[in-house]
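Coordinates as given in data29.cif (mmCIF, C-alpha atoms):
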```cif
data_structure
loop_
_atom_site.label_atom_id
_atom_site.label_comp_id
_atom_site.auth_asym_id
_atom_site.auth_seq_id
_atom_site.Cartn_x
_atom_site.Cartn_y
_atom_site.Cartn_z
CA MET L 13 13.73 0.85 29.60
CA THR L 14 13.58 -1.13 32.83
CA GLY L 15 10.04 -2.30 33.56
CA SER L 16 8.78 -1.75 30.03
CA LEU L 17 6.55 -4.28 28.32
CA CYS L 18 8.51 -7.08 26.58
CA PHE L 19 7.42 -9.26 23.67
CA SER L 20 9.02 -12.34 22.22
CA LEU L 21 9.56 -12.23 18.47
CA SER L 22 6.69 -14.66 17.92
CA GLN L 23 4.39 -12.46 20.01
CA ALA L 24 5.44 -9.42 17.96
CA ARG L 25 4.62 -11.30 14.76
CA ARG L 26 1.17 -12.18 16.04
CA LEU L 27 0.51 -8.59 17.10
CA ALA L 28 1.58 -7.37 13.67
CA LEU L 29 -0.43 -9.93 11.73
CA THR L 30 -3.58 -9.29 13.76
CA ALA L 31 -3.21 -5.51 13.46
CA GLN L 32 -2.84 -5.92 9.69
CA GLY L 33 -6.10 -7.84 9.39
CA PHE L 34 -4.79 -11.39 8.99
CA SER L 35 -7.39 -13.04 11.16
CA GLY L 36 -8.91 -15.56 8.78
CA ARG L 37 -10.80 -15.07 5.54
CA GLN L 38 -14.53 -14.57 5.41
CA PRO L 39 -16.79 -16.51 3.02
CA SER L 40 -17.13 -14.72 -0.29
CA ALA L 41 -20.87 -14.35 0.24
CA ALA L 42 -20.11 -12.04 3.18
CA LEU L 43 -17.78 -9.79 1.24
CA LYS L 44 -19.91 -6.72 0.79
CA SER L 45 -18.77 -3.12 1.01
CA THR L 46 -18.95 -2.93 4.82
CA PRO L 47 -16.23 -5.49 5.69
CA LEU L 48 -14.08 -4.17 2.86
CA ASN L 49 -14.31 -0.60 4.11
CA ARG L 50 -13.75 -1.76 7.67
CA LEU L 51 -10.52 -3.46 6.64
CA ILE L 52 -9.25 -0.42 4.74
CA GLU L 53 -10.08 1.78 7.74
CA ARG L 54 -8.01 -0.61 9.84
CA LEU L 55 -5.03 -0.52 7.48
CA GLY L 56 -5.32 3.22 6.94
CA VAL L 57 -3.77 3.13 3.49
CA LEU L 58 -3.52 1.08 0.29
CA GLN L 59 -0.49 1.85 -1.86
CA ILE L 60 -1.09 2.43 -5.58
CA ASP L 61 1.52 1.38 -8.13
CA SER L 62 1.49 1.27 -11.92
CA VAL L 63 2.98 -2.24 -12.26
CA ASN L 64 0.33 -4.62 -13.60
CA ALA L 65 2.23 -7.88 -13.97
CA LEU L 66 -0.39 -9.64 -11.88
CA VAL L 67 -3.01 -7.11 -10.80
CA ARG L 68 -2.78 -3.45 -9.75
CA SER L 69 -1.18 -3.35 -6.33
CA HIS L 70 -4.07 -1.72 -4.44
CA TYR L 71 -6.36 -4.69 -5.16
CA LEU L 72 -4.11 -7.45 -3.85
CA PRO L 73 -3.82 -6.64 -0.09
CA LEU L 74 -7.60 -7.00 0.25
CA PHE L 75 -7.52 -10.37 -1.52
CA SER L 76 -4.66 -11.49 0.75
CA ARG L 77 -6.83 -10.81 3.80
CA LEU L 78 -10.40 -11.40 2.61
CA GLY L 79 -10.08 -13.88 -0.21
CA HIS L 80 -12.20 -13.69 -3.35
CA TYR L 81 -13.97 -10.31 -3.52
CA PRO L 82 -15.43 -8.27 -6.39
CA THR L 83 -12.85 -5.62 -7.34
CA ASP L 84 -15.63 -3.24 -8.33
CA LEU L 85 -16.34 -2.87 -4.59
CA LEU L 86 -12.95 -1.20 -4.24
CA ASP L 87 -13.48 0.79 -7.44
CA GLN L 88 -16.76 2.14 -6.06
CA ALA L 89 -15.16 2.97 -2.70
CA ALA L 90 -12.30 4.80 -4.40
CA TRP L 91 -13.96 6.43 -7.41
CA GLY L 92 -17.71 5.92 -7.07
CA GLN L 93 -20.40 8.52 -6.70
CA GLY L 94 -22.15 9.75 -3.56
CA ARG L 95 -22.17 7.50 -0.50
CA ARG L 96 -20.42 4.68 -2.33
CA ARG L 97 -17.20 6.70 -2.23
CA THR L 98 -15.42 6.10 1.07
CA LEU L 99 -11.80 6.65 -0.02
CA PHE L 100 -9.68 9.39 -1.53
CA GLU L 101 -6.33 9.47 -3.30
CA TYR L 102 -3.37 11.30 -1.87
CA TRP L 103 0.26 10.90 -0.84
CA GLY L 104 -0.06 8.65 2.21
CA HIS L 105 2.63 6.01 1.84
CA GLU L 106 3.63 6.99 -1.69
CA ALA L 107 0.55 7.35 -3.96
CA SER L 108 -2.26 5.85 -1.92
CA LEU L 109 -5.93 5.26 -1.33
CA LEU L 110 -6.95 6.41 2.15
CA PRO L 111 -10.24 6.40 4.09
CA LEU L 112 -12.14 9.69 3.88
CA SER L 113 -11.93 9.86 7.67
CA MET L 114 -8.22 10.59 7.23
CA TYR L 115 -8.66 13.57 4.90
CA PRO L 116 -8.40 16.11 7.78
CA LEU L 117 -5.15 14.42 8.88
CA MET L 118 -3.64 15.14 5.45
CA ARG L 119 -4.57 18.81 5.11
CA TRP L 120 -1.28 19.96 6.71
CA ARG L 121 0.61 18.04 4.04
CA MET L 122 -1.41 19.79 1.35
CA GLN L 123 -0.62 23.17 2.88
CA ARG L 124 3.08 22.37 3.00
CA ALA L 125 3.01 21.23 -0.62
CA ALA L 126 1.43 24.56 -1.60
CA GLN L 127 4.44 26.21 0.05
CA GLY L 128 6.85 24.03 -1.92
CA GLN L 129 7.70 21.73 1.01
CA GLY L 130 7.54 17.96 1.20
CA ILE L 131 7.22 17.44 -2.56
CA TYR L 132 9.59 16.54 -5.35
CA GLN L 133 12.10 19.30 -6.04
CA GLN L 134 11.13 19.48 -9.72
CA LEU L 135 7.49 19.99 -8.76
CA ALA L 136 8.35 22.60 -6.12
CA VAL L 137 10.33 24.61 -8.69
CA PHE L 138 7.43 24.36 -11.14
CA GLY L 139 5.07 25.65 -8.45
CA ARG L 140 7.25 28.68 -7.83
CA GLU L 141 7.90 29.54 -11.45
CA GLN L 142 4.75 28.50 -13.31
CA GLN L 143 1.81 29.89 -11.35
CA ALA L 144 0.27 31.28 -14.55
CA THR L 145 0.11 27.77 -16.04
CA ILE L 146 -1.19 26.35 -12.77
CA ARG L 147 -4.02 28.92 -12.59
CA ARG L 148 -4.89 28.33 -16.26
CA VAL L 149 -5.17 24.58 -15.68
CA LEU L 150 -7.22 25.08 -12.51
CA ALA L 151 -9.64 27.33 -14.42
CA LEU L 152 -10.07 24.60 -17.04
CA VAL L 153 -10.87 22.04 -14.34
CA GLU L 154 -13.38 24.44 -12.79
CA GLU L 155 -15.02 24.94 -16.18
CA ARG L 156 -15.01 21.42 -17.61
CA GLY L 157 -15.09 19.10 -14.60
CA ALA L 158 -12.99 15.95 -14.22
CA LEU L 159 -10.05 16.05 -16.61
CA GLY L 160 -6.99 13.97 -17.33
CA ALA L 161 -3.60 15.44 -18.14
CA GLY L 162 -3.74 14.03 -21.67
CA SER L 163 -6.78 16.08 -22.59
CA LEU L 164 -5.06 19.33 -21.52
CA SER L 165 -1.57 18.90 -22.92
CA THR L 166 -0.40 21.57 -25.37
CA ARG L 167 3.05 20.05 -25.98
CA GLN L 168 4.00 19.41 -29.59
CA GLU L 169 7.05 17.20 -29.14
CA ARG L 170 6.77 13.52 -28.28
CA ALA L 171 6.96 12.73 -24.57
CA GLY L 172 10.11 11.06 -23.28
CA PRO L 173 10.30 8.16 -20.80
CA TRP L 174 9.29 8.13 -17.13
CA TRP L 175 8.76 11.59 -15.63
CA ASP L 176 8.88 13.63 -18.84
CA TRP L 177 5.60 15.37 -18.01
CA SER L 178 3.88 18.10 -19.99
CA ALA L 179 3.41 21.49 -18.35
CA GLU L 180 -0.27 20.69 -17.80
CA LYS L 181 0.58 17.39 -16.10
CA HIS L 182 3.02 19.22 -13.82
CA ALA L 183 0.31 21.76 -13.03
CA LEU L 184 -2.24 19.09 -12.18
CA GLU L 185 0.24 17.23 -9.98
CA TRP L 186 1.11 20.45 -8.14
CA LEU L 187 -2.58 21.25 -7.65
CA PHE L 188 -3.19 17.69 -6.46
CA ALA L 189 -0.33 17.84 -3.93
CA ALA L 190 -1.60 21.22 -2.70
CA GLY L 191 -5.15 19.92 -2.30
CA GLU L 192 -6.63 22.30 -4.86
CA VAL L 193 -7.77 19.38 -7.00
CA THR L 194 -8.35 15.75 -6.12
CA VAL L 195 -8.81 12.53 -8.07
CA ALA L 196 -12.41 12.12 -9.15
CA GLY L 197 -11.87 8.87 -11.04
CA ARG L 198 -9.58 7.01 -13.38
CA ARG L 199 -9.70 6.28 -17.09
CA GLY L 200 -7.70 3.10 -17.33
CA PHE L 201 -4.87 4.04 -15.00
CA GLU L 202 -4.94 7.77 -15.87
CA ARG L 203 -6.05 10.07 -13.08
CA LEU L 204 -9.04 12.35 -13.69
CA TYR L 205 -8.83 15.50 -11.57
CA ASP L 206 -11.65 17.67 -10.27
CA LEU L 207 -12.29 20.23 -7.55
CA PRO L 208 -12.42 18.74 -4.03
CA GLU L 209 -15.89 20.20 -3.39
CA ARG L 210 -17.23 18.11 -6.29
CA VAL L 211 -15.67 14.90 -4.96
CA ILE L 212 -15.09 15.01 -1.19
CA PRO L 213 -18.19 15.17 1.06
CA ALA L 214 -18.88 18.64 2.47
CA GLN L 215 -18.69 17.50 6.10
CA ILE L 216 -15.16 16.24 5.48
CA LEU L 217 -14.02 19.46 3.79
CA GLN L 218 -15.62 21.56 6.53
CA HIS L 219 -13.73 19.77 9.30
CA PRO L 220 -11.72 22.32 11.32
CA LEU L 221 -8.15 22.57 10.13
CA LEU L 222 -5.82 20.62 12.41
CA GLU L 223 -2.49 21.97 13.56
CA GLU L 224 0.39 20.13 11.95
CA ALA L 225 1.52 18.63 15.26
CA GLU L 226 -1.99 17.35 16.06
CA ALA L 227 -2.35 15.81 12.60
CA GLN L 228 1.00 14.06 12.89
CA LYS L 229 0.05 12.63 16.26
CA GLY L 230 -3.14 11.35 14.68
CA LEU L 231 -1.16 9.71 11.89
CA LEU L 232 1.26 8.12 14.34
CA LEU L 233 -1.66 6.63 16.27
CA ARG L 234 -3.15 5.29 13.05
CA ALA L 235 0.21 3.77 12.15
CA ALA L 236 0.62 2.24 15.62
CA SER L 237 -2.82 0.67 15.38
CA ALA L 238 -2.13 -0.74 11.89
CA LEU L 239 1.33 -2.10 12.78
CA GLY L 240 0.62 -3.64 16.17
CA VAL L 241 4.15 -3.13 17.45
CA SER L 242 6.73 -0.93 15.78
CA THR L 243 9.88 1.14 16.16
CA GLU L 244 9.97 4.89 15.66
CA LYS L 245 11.24 4.35 12.11
CA ASP L 246 8.39 1.93 11.36
CA LEU L 247 5.83 4.44 12.60
CA ARG L 248 7.35 7.29 10.59
CA ASP L 249 7.55 5.21 7.43
CA TYR L 250 3.87 4.22 7.43
CA PHE L 251 2.76 7.71 6.41
CA ARG L 252 6.22 9.01 5.47
CA LEU L 253 6.64 11.46 8.35
CA GLU L 254 9.79 13.51 8.97
CA LEU L 255 12.16 12.67 11.81
CA ALA L 256 12.24 15.74 14.07
CA PRO L 257 8.49 16.53 14.32
CA CYS L 258 7.72 12.83 14.55
CA ARG L 259 10.00 12.36 17.54
CA HIS L 260 8.38 15.29 19.34
CA ALA L 261 4.87 13.98 18.62
CA LEU L 262 5.86 10.47 19.67
CA ALA L 263 7.21 11.70 23.00
CA GLU L 264 3.92 13.51 23.67
CA LEU L 265 1.87 10.40 22.83
CA VAL L 266 3.93 8.33 25.26
CA GLU L 267 3.69 11.00 27.96
CA ASN L 268 -0.07 11.21 27.51
CA GLY L 269 -0.44 7.44 27.73
CA GLN L 270 -1.73 7.07 24.18
CA LEU L 271 1.27 4.94 23.22
CA GLN L 272 3.28 2.55 25.34
CA VAL L 273 7.04 1.92 25.12
CA CYS L 274 7.94 -1.76 24.80
CA GLN L 275 10.76 -4.10 23.83
CA VAL L 276 10.86 -6.87 21.25
CA GLN L 277 13.25 -9.79 21.44
CA GLY L 278 16.23 -9.14 19.17
CA TRP L 279 15.30 -5.58 18.23
CA LYS L 280 18.01 -3.02 18.93
CA GLN L 281 15.62 -0.05 19.07
CA PRO L 282 12.76 0.51 21.53
CA ALA L 283 9.31 -0.23 20.17
CA TYR L 284 5.84 1.22 20.68
CA CYS L 285 2.34 -0.19 20.86
CA LEU L 286 -1.12 0.92 21.87
CA PRO L 287 -1.87 0.59 25.61
CA ASP L 288 -2.81 -2.83 26.98
CA PRO L 289 -2.18 -4.89 23.84
CA SER L 290 -3.78 -8.31 23.61
CA VAL L 291 -1.50 -10.90 22.02
CA PRO L 292 -3.40 -13.73 20.31
CA ARG L 293 -2.25 -17.27 21.09
CA THR L 294 -1.92 -18.03 17.39
CA VAL L 295 -2.68 -16.51 14.00
CA VAL L 296 -3.87 -18.96 11.37
CA ALA L 297 -3.27 -17.16 8.11
CA SER L 298 -1.90 -18.06 4.69
CA ALA L 299 -1.58 -15.44 1.99
CA LEU L 300 0.36 -14.36 -1.08
CA LEU L 301 1.53 -10.80 -0.42
CA SER L 302 1.83 -7.91 -2.82
CA PRO L 303 5.32 -6.35 -2.92
CA PHE L 304 3.51 -3.17 -1.85
CA ASP L 305 1.59 -4.74 1.05
CA SER L 306 1.71 -2.65 4.23
CA LEU L 307 2.77 -5.74 6.22
CA ILE L 308 6.11 -5.87 4.41
CA TRP L 309 6.74 -2.55 2.63
CA GLU L 310 9.23 -1.39 5.30
CA ARG L 311 11.93 -3.90 4.36
CA SER L 312 14.05 -3.58 7.52
CA ARG L 313 10.97 -4.28 9.65
CA THR L 314 10.20 -7.32 7.50
CA GLU L 315 13.68 -8.64 8.27
CA ARG L 316 13.28 -7.96 12.00
CA LEU L 317 9.85 -9.57 12.19
CA PHE L 318 10.18 -12.51 9.82
CA ASP L 319 13.93 -12.95 9.22
CA PHE L 320 13.05 -12.43 5.56
CA ARG L 321 15.15 -10.25 3.27
CA TYR L 322 12.99 -8.96 0.42
CA ARG L 323 13.89 -6.73 -2.50
CA LEU L 324 11.74 -6.01 -5.54
CA GLU L 325 13.73 -6.90 -8.67
CA ILE L 326 11.56 -5.26 -11.33
CA TYR L 327 14.25 -2.72 -12.15
CA THR L 328 17.13 -5.18 -11.79
CA PRO L 329 18.59 -6.42 -15.12
CA PRO L 330 17.22 -9.94 -15.80
CA ALA L 331 20.65 -11.58 -15.60
CA LYS L 332 21.17 -10.16 -12.09
CA ARG L 333 17.80 -11.13 -10.61
CA VAL L 334 17.93 -13.63 -7.78
CA TYR L 335 14.27 -14.60 -7.52
CA GLY L 336 12.41 -13.03 -10.46
CA TYR L 337 10.60 -10.02 -11.88
CA TYR L 338 7.42 -9.87 -9.76
CA VAL L 339 7.87 -11.99 -6.66
CA LEU L 340 5.18 -12.42 -4.01
CA PRO L 341 6.13 -13.61 -0.51
CA PHE L 342 3.99 -16.46 0.79
CA LEU L 343 2.87 -16.03 4.40
CA HIS L 344 2.04 -19.28 6.15
CA ARG L 345 1.55 -19.99 9.84
CA GLU L 346 3.10 -16.80 11.17
CA ARG L 347 6.19 -16.87 8.98
CA ILE L 348 7.08 -16.01 5.41
CA ALA L 349 7.86 -19.47 4.11
CA ALA L 350 8.40 -19.02 0.38
CA ARG L 351 8.42 -16.55 -2.51
CA VAL L 352 6.74 -17.06 -5.87
CA ASP L 353 7.42 -15.25 -9.15
CA LEU L 354 3.99 -14.77 -10.75
CA ARG L 355 2.52 -13.28 -13.88
CA ALA L 356 -1.06 -13.01 -15.12
CA GLU L 357 -0.83 -14.02 -18.79
CA ARG L 358 -4.31 -12.89 -19.68
CA ALA L 359 -4.00 -13.54 -23.42
CA PHE L 360 -3.49 -17.23 -22.65
CA GLY L 361 -5.90 -17.38 -19.72
CA CYS L 362 -3.27 -18.61 -17.30
CA LEU L 363 -1.50 -17.71 -14.08
CA ALA L 364 2.18 -18.28 -14.90
CA VAL L 365 4.44 -19.44 -12.07
CA HIS L 366 7.98 -18.62 -13.17
CA GLY L 367 9.73 -19.38 -9.91
CA VAL L 368 9.12 -21.09 -6.56
CA HIS L 369 11.67 -20.53 -3.80
CA GLU L 370 11.25 -21.96 -0.32
CA GLU L 371 12.88 -20.24 2.61
CA GLN L 372 15.37 -22.02 4.84
CA GLN L 373 12.78 -23.84 6.95
CA GLY L 374 10.88 -24.80 3.81
CA LEU L 375 7.26 -25.82 3.40
CA ASP L 376 5.98 -29.12 4.73
CA GLU L 377 3.32 -30.97 2.77
CA GLU L 378 0.52 -29.08 4.48
CA GLY L 379 2.26 -25.81 3.61
CA MET L 380 2.74 -26.80 -0.04
CA GLN L 381 -0.93 -27.76 -0.25
CA ALA L 382 -1.80 -24.33 1.20
CA LEU L 383 0.35 -22.61 -1.44
CA ALA L 384 -1.31 -24.63 -4.22
CA LEU L 385 -4.75 -23.74 -2.87
CA HIS L 386 -3.89 -20.04 -2.71
CA LEU L 387 -2.58 -20.06 -6.27
CA ARG L 388 -5.81 -21.70 -7.40
CA GLN L 389 -7.88 -19.12 -5.50
CA LEU L 390 -5.78 -16.30 -6.97
CA ALA L 391 -6.24 -17.63 -10.50
CA ASN L 392 -10.01 -17.90 -9.96
CA TRP L 393 -10.16 -14.35 -8.63
CA LEU L 394 -8.24 -13.06 -11.65
CA GLY L 395 -10.49 -15.02 -14.02
CA LEU L 396 -7.63 -17.24 -15.23
CA ALA L 397 -8.55 -20.82 -16.04
CA ARG L 398 -5.11 -22.45 -15.79
CA ILE L 399 -1.99 -22.40 -13.66
CA GLN L 400 1.17 -22.93 -15.69
CA LEU L 401 4.45 -23.84 -13.95
CA SER L 402 7.68 -23.03 -15.76
CA CYS L 403 10.20 -23.45 -12.95
CA PRO L 404 12.76 -26.29 -12.86
CA ARG L 405 13.34 -26.17 -9.10
CA ALA L 406 12.47 -29.06 -6.79
CA SER L 407 10.01 -26.79 -4.97
CA ALA L 408 8.07 -26.37 -8.22
CA ALA L 409 7.97 -30.14 -8.69
CA ARG L 410 6.38 -30.51 -5.26
CA LEU L 411 3.97 -27.69 -6.08
CA ARG L 412 3.05 -29.40 -9.36
CA VAL L 413 2.04 -32.52 -7.44
CA ALA L 414 -0.09 -30.45 -5.06
CA LEU L 415 -1.75 -28.62 -7.96
CA ALA L 416 -2.39 -31.89 -9.79
CA GLY L 417 -4.50 -32.98 -6.85
CA MET L 418 -6.76 -30.02 -7.62
CA GLY L 419 -6.88 -30.69 -11.37
CA ASP L 420 -4.22 -28.11 -12.32
CA ASP L 421 -0.88 -28.42 -14.09
#
```
Please express the file's structure as structure tokens.
Amino acid sequence: MTGSLCFSLSQARRLALTAQGFSGRQPSAALKSTPLNRLIERLGVLQIDSVNALVRSHYLPLFSRLGHYPTDLLDQAAWGQGRRRTLFEYWGHEASLLPLSMYPLMRWRMQRAAQGQGIYQQLAVFGREQQATIRRVLALVEERGALGAGSLSTRQERAGPWWDWSAEKHALEWLFAAGEVTVAGRRGFERLYDLPERVIPAQILQHPLLEEAEAQKGLLLRAASALGVSTEKDLRDYFRLELAPCRHALAELVENGQLQVCQVQGWKQPAYCLPDPSVPRTVVASALLSPFDSLIWERSRTERLFDFRYRLEIYTPPAKRVYGYYVLPFLHRERIAARVDLRAERAFGCLAVHGVHEEQQGLDEEGMQALALHLRQLANWLGLARIQLSCPRASAARLRVALAGMGDD
């Protein structure tokens, strides 16, 4: 490693924040489809999750970076018609929205899924044993157009919890993983599936099929660009790539000069970045972060970058939770300075703040004012008139004072 590029931890943070699009919010008047699509292209992926305690997870990373924006811009990009559609759904980093430009990079994963590889074991077994059901469901999609699993189900018994899918739902999920259907739209949160040729532009579908190794190198480069500086594990995690082929592809990218080996202060593993990185002198950014934000979803990297240990406690029994049910980290001046347990209580028109926890260094008055402002902006974006604090901690008392200066609770 002698002679490799070296970054201090603060430089690594600035590289990461800049790569992730935290470079200052634009005025809301400028937030049209072009800057939104440009940001998603930069990130490469928006994770989708069903939890709706505040807002669906794919909407929040854009708000964290751009501020107040119309969510229908993202809806149109993801599920609109014609040229308005610039994204597609697939397994990127878990269930994800990805730019259409990345569709060719995912075809190898679809082919592997069709062979029963790289998918859930239960789904792979279904694909091997239930091809008659799969072909029947595909014929119905071909005949009727975009369909949800609920409209196809023939099961008589009541569905159980979680992954107790009907045979038709299993068939659609197998077809989706294999690339034989794609998501045309959503009804509520239910996926509506259709044939790719009715959803994905022809020029995208006609792109020459990439070899698996070439596609994985392309994904690693996209990950490196979106992360700024990252270890091998960080790069693999971004698009959930497997260890052995990833290491081979990574070695080729370094040998070809497309990636550069580097070191980061305090990191035990070597890191990688794009050639000739430019480290900004400072990053002025404040943001509440979704638990599924690509800046922090790899928890060990979050600890290495920000000295911030973060675990989602949704599935932790209430009595054992440390910070709360749906906790958003608060990024302020290049560090994660606090975490806030939030809920959108739409029936009461309020943004409920159930917990405010400052990190060890705490928030100075300017930082607390920034948090109050971001909560007010978040409430406005969600269409919630009030902010309601129900936290007995001293941090919440300071936040209440800051909010009072803006006319809130």
Take the PyMOL selection byres ((chain L and resi 351-365) around 6), run it mentally on this structure, and tell me the resulting residues as a PyMOL selection string. chain L and resi 65-66+336+338-342+350+366-369+391+396-401
Interatomic distance, atom CA of His219 of chain L to atom CA of Pro116 of chain L (Å, one decimal):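 It comes out at 6.6 Å.
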With only C-alpha atoms as the counted atoms, please give the residues lying no more than 12 Å from Pro257 of chain L, apart from itself and same-chain residues fewer than 3 positions off, as a ChimeraX atom specification. /L:224-229,232,244,248,252-254,260-264
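Here atom CA of Arg311 of chain L is placed at a distance of 13.2 Å from atom CA of Leu247 of chain L.
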For atom CA of Leu112 of chain L and atom CA of Leu204 of chain L, quote the distance in Å rounded to one decimal.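 Answer for the atom CA of Leu112 of chain L to atom CA of Leu204 of chain L separation: 18.0 Å.
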Evaluate the PyMOL selection byres ((chain L and resi 210) around 10) on the structure here and hand back the selected residues as a list in words.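 Applied to this file, the PyMOL selection byres ((chain L and resi 210) around 10) selects Glu154, Gly157, Ala158, Val193, Thr194, Ala196, Asp206, Leu207, Pro208, Glu209, Val211, Ile212, Pro213 and Ala214 of chain L.
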Taking C-alpha atoms for each residue, export the selection above as a PDB file, in the frame of the given file.
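Here's the written file selection_12.pdb:
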```
ATOM      1  CA  GLU L 154     -13.380  24.440 -12.790  1.00  0.00           C
ATOM      2  CA  GLY L 157     -15.090  19.100 -14.600  1.00  0.00           C
ATOM      3  CA  ALA L 158     -12.990  15.950 -14.220  1.00  0.00           C
ATOM      4  CA  VAL L 193      -7.770  19.380  -7.000  1.00  0.00           C
ATOM      5  CA  THR L 194      -8.350  15.750  -6.120  1.00  0.00           C
ATOM      6  CA  ALA L 196     -12.410  12.120  -9.150  1.00  0.00           C
ATOM      7  CA  ASP L 206     -11.650  17.670 -10.270  1.00  0.00           C
ATOM      8  CA  LEU L 207     -12.290  20.230  -7.550  1.00  0.00           C
ATOM      9  CA  PRO L 208     -12.420  18.740  -4.030  1.00  0.00           C
ATOM     10  CA  GLU L 209     -15.890  20.200  -3.390  1.00  0.00           C
ATOM     11  CA  VAL L 211     -15.670  14.900  -4.960  1.00  0.00           C
ATOM     12  CA  ILE L 212     -15.090  15.010  -1.190  1.00  0.00           C
ATOM     13  CA  PRO L 213     -18.190  15.170   1.060  1.00  0.00           C
ATOM     14  CA  ALA L 214     -18.880  18.640   2.470  1.00  0.00           C
TER      15      ALA L 214
END
```
Test item: the PyMOL selection byres ((chain L and resi 87) around 10) resolved as an MDAnalysis selection string: chainID L and resid 71 82:86 88:92 96:97 99 197:198
From the set L:Arg203, L:His80, L:Arg148, L:Arg234, which residue has the shortest atom-to-atom contact distance to Pro111 of chain L, counting only C-alpha atoms?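 Between L:Arg203, L:His80, L:Arg148, L:Arg234, the residue approaching Pro111 of chain L most closely is L:Arg234.
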Measuring between all atoms listed in the file, which one of L:Gly278, L:Gly94, L:Gly191, L:Pro287 shows the shortest distance to Phe318 of chain L?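 Residue with the minimum atom-to-atom distance to Phe318 of chain L: L:Gly278.
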Any idea what's packed within 6 Å of segment 268-273 of chain L, counting only C-alpha atoms, ignoring anything in its chain fewer than 5 positions away? Could you give it as a PyMOL selection string? chain L and resi 283-287
Find the axis-aligned box for segment 380-399 of chain L, covering all its listed atoms and adding 3 Å on each side, and write its centre and edge lengths in Å to one decimal as AutoDock Vina command-line options.
```
--center_x -3.9 --center_y -20.4 --center_z -7.4 --size_x 19.2 --size_y 20.7 --size_z 23.2
```
Taking (-5.9, -17.0, -1.7) in the coordinates of the supplied file, I want to know which residues reach to within 9 Å of it, counting only C-alpha atoms; could you give the answer as a count of residues only? 20
